[in-house]
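Here's the structure, in structure tokens; my notes come after.
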Number of protein chains: 2
Amino acid sequence: MHSLDSVFHALSDPTRRAILARLVDGEATVDQITVPFTMSQPSISRHLKVLEQAGLISTRIDGTSRPRRIEPAAFTAIEDWLERYRTVWQANYARLDSVLDDLKQEDDPL
Amino acid sequence: MHSLDSVFHALSDPTRRAILARLVDGEATVDQITVPFTMSQPSISRHLKVLEQAGLISTRIDGTSRPRRIEPAAFTAIEDWLERYRTVWQANYARLDSVLDDLKQEDDPL
DNA sequence: TTGCTATATAGCAATATTAGAATGCAGTGG
DNA sequence: CCACTGCATTCTAATATTGCTATATAGCAA
């Protein structure tokens with residue numbers, strides 16, 4: 001379904017990230033989302049489609065309106081991916097520590 | 001600087017994510033990175049350039065070789081961005097709880 | 001039905017991305 | 001200096017993305 005490819009691609013656009021930021025405050029329809037943007041409604045619609053296909057948002061149909069909301073699962077997928085790299089920068093800090101230790105030994109040799 | 005635009009765009013390509021996964025094991029040169037891929041060295045070079053411009057990796061020059069390594073800062077930038085949405089899905093769970101509470105009250109009214 | 005509102009889709013032009021092949025270039029060893 | 005190695009850059013073609021305008025569709029209300 002929503003691959004990391006599509007998730008990251010969806011997030012690479014500032015308009016789409018702004019849409020997500022808007023949806024933090026709760027559901028919103030295309031028209032509501034469009035207001036603050038200097039962009040046409042059809043363009044916002046397509047951005048929403050990209051976000052939805054990435055699994056970052058979902059649509060609820062309510063009569064003629066289609067409120068969008070944030071879909072947490074995609075975000076946790078990113079977290080899971082990031083998790084692998086957390087060890088890397090923790091290892092980096094460890095390496096930094098040992099470098100500092102080495103410097104200390106140079107400054108203050110036995 | 002490395003914008004979220006460029007960071008997320010860099011991550012949207014599976015080859016580039018695979019390169020990052022490779023670099024978890026430590027520094028590697030273009031040739032070393034190229035080996036497992038069915039892709040030309042120039043293509044890998046350009047992927048590395050994209051990763052570097054996004055701030056996800058950095059290059060160290062050692063004679064004629066240029067070992068790349070993971071740069072943690074860009075990853076923490078993603079974490080910081082994600083942070084805002086953590087509240088959303090925690091809030092979501094909270095909302096789910098209250099819905100469940102409501103259902104409970106319906107099932108078992110005072 | 002008629003018309004209004006909310007939203008999606010199609011068509012088009014501009015721009016960006018990506019790949020391979022060919023080429024350039026800098027550093028190293030003889 | 002010359003050749004070789006490691007890597008980057010240029011060129012070109014294929015494909016994708018993005019924006020707009022215009023148009024279609026679907027629900028609702030009179």
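Each chain of the structure tokens is named A, B, ... in the order shown, its residues numbered from 1; ligands are numbered from 1 in display order.
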Rows by chain and residue number, chain A within 8 Å of chain C, shortest pair, only C-alpha atoms (C1' of nucleotides), as a Markdown table:
| residue | atom | partner | partner_atom | distance |
| --- | --- | --- | --- | --- |
| A:Val30 | CA | C:DT7 | C1' | 7.5 |
| A:Asp31 | CA | C:DA6 | C1' | 7.8 |
| A:Pro42 | CA | C:DA8 | C1' | 7.7 |
| A:Ser45 | CA | C:DA8 | C1' | 7.5 |
| A:Thr64 | CA | C:DA6 | C1' | 5.7 |
| A:Ser65 | CA | C:DA6 | C1' | 5.8 |
| A:Arg66 | CA | C:DT7 | C1' | 7.9 |
For the selection you just gave me, I'd like the residues written to a file as a short mmCIF file (atom, residue, chain, number, x, y, z; two decimals), in the first residue's frame, keeping N, CA, C and O atoms.
data_model
loop_
_atom_site.label_atom_id
_atom_site.label_comp_id
_atom_site.auth_asym_id
_atom_site.auth_seq_id
_atom_site.Cartn_x
_atom_site.Cartn_y
_atom_site.Cartn_z
N VAL A 30 -11.66 20.38 1.11
CA VAL A 30 -10.78 20.97 0.11
C VAL A 30 -10.90 22.49 0.09
O VAL A 30 -9.90 23.21 0.11
N ASP A 31 -12.14 22.97 0.09
CA ASP A 31 -12.34 24.42 0.06
C ASP A 31 -11.72 25.11 1.26
O ASP A 31 -11.06 26.14 1.13
N PRO A 42 -8.34 22.93 -7.79
CA PRO A 42 -7.94 21.66 -8.40
C PRO A 42 -6.53 21.23 -8.02
O PRO A 42 -6.27 20.05 -7.81
N SER A 45 -6.64 19.81 -4.66
CA SER A 45 -7.25 18.48 -4.77
C SER A 45 -6.20 17.43 -5.14
O SER A 45 -6.20 16.33 -4.60
N THR A 64 -22.12 16.14 0.27
CA THR A 64 -21.32 16.65 -0.84
C THR A 64 -19.93 17.06 -0.41
O THR A 64 -19.12 17.44 -1.26
N SER A 65 -19.64 17.01 0.85
CA SER A 65 -18.30 17.42 1.31
C SER A 65 -17.46 16.20 1.67
O SER A 65 -18.00 15.15 2.05
N ARG A 66 -16.17 16.34 1.54
CA ARG A 66 -15.24 15.24 1.82
C ARG A 66 -14.14 15.69 2.77
O ARG A 66 -13.04 16.02 2.35
#
Write out as a tab-separated table the residues of chain A that have any atom within 7 Å of an atom of chain B, one row each with the nearest atom pair and its distance in Å to one decimal, counting only C-alpha atoms, sorted by chain and then rising number.
residue	atom	partner	partner_atom	distance
A:Leu4	CA	B:Ser12	CA	6.7
A:Asp5	CA	B:Ser12	CA	4.4
A:Ser6	CA	B:Ser12	CA	6.7
A:Phe8	CA	B:Ser12	CA	4.6
A:His9	CA	B:Ser12	CA	4.9
A:Leu11	CA	B:Phe8	CA	6.0
A:Ser12	CA	B:Asp5	CA	4.4
A:Asp13	CA	B:Asp5	CA	5.9
A:Pro14	CA	B:Asp5	CA	6.6
A:Val24	CA	B:Val88	CA	6.2
A:Pro72	CA	B:Trp89	CA	5.5
A:Val88	CA	B:Val24	CA	6.2
A:Trp89	CA	B:Pro72	CA	5.5
Residues of chain D within 8 Å of chain A, counting only C-alpha atoms (C1' of nucleotides), as a PDB file with C-alpha atoms (C1' of nucleotides), in the first residue's frame:
ATOM      1  C1'  DG D  19       0.334  24.366 -12.202  1.00  0.00           C
ATOM      2  C1'  DC D  20      -3.531  26.398 -14.642  1.00  0.00           C
ATOM      3  C1'  DA D  26     -22.725  14.362  -7.462  1.00  0.00           C
ATOM      4  C1'  DG D  27     -25.596  15.973  -3.729  1.00  0.00           C
TER       5       DG D  27
END
Give the strand (DSSP E or B) residues of chain A, as assigned by DSSP on the backbone, as a ChimeraX atom specification.
-> /A:28,57-59,62,65,68-70
Pick out each residue of chain B that DSSP on the backbone tags as alpha helix (DSSP H); I need them as a PyMOL selection string.
-> chain B and resi 4-11+14-23+30-34+41-53+72-107
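Atom to atom, CA of Glu52 in chain B and CA of Pro67 in chain B stand 12.1 Å apart.
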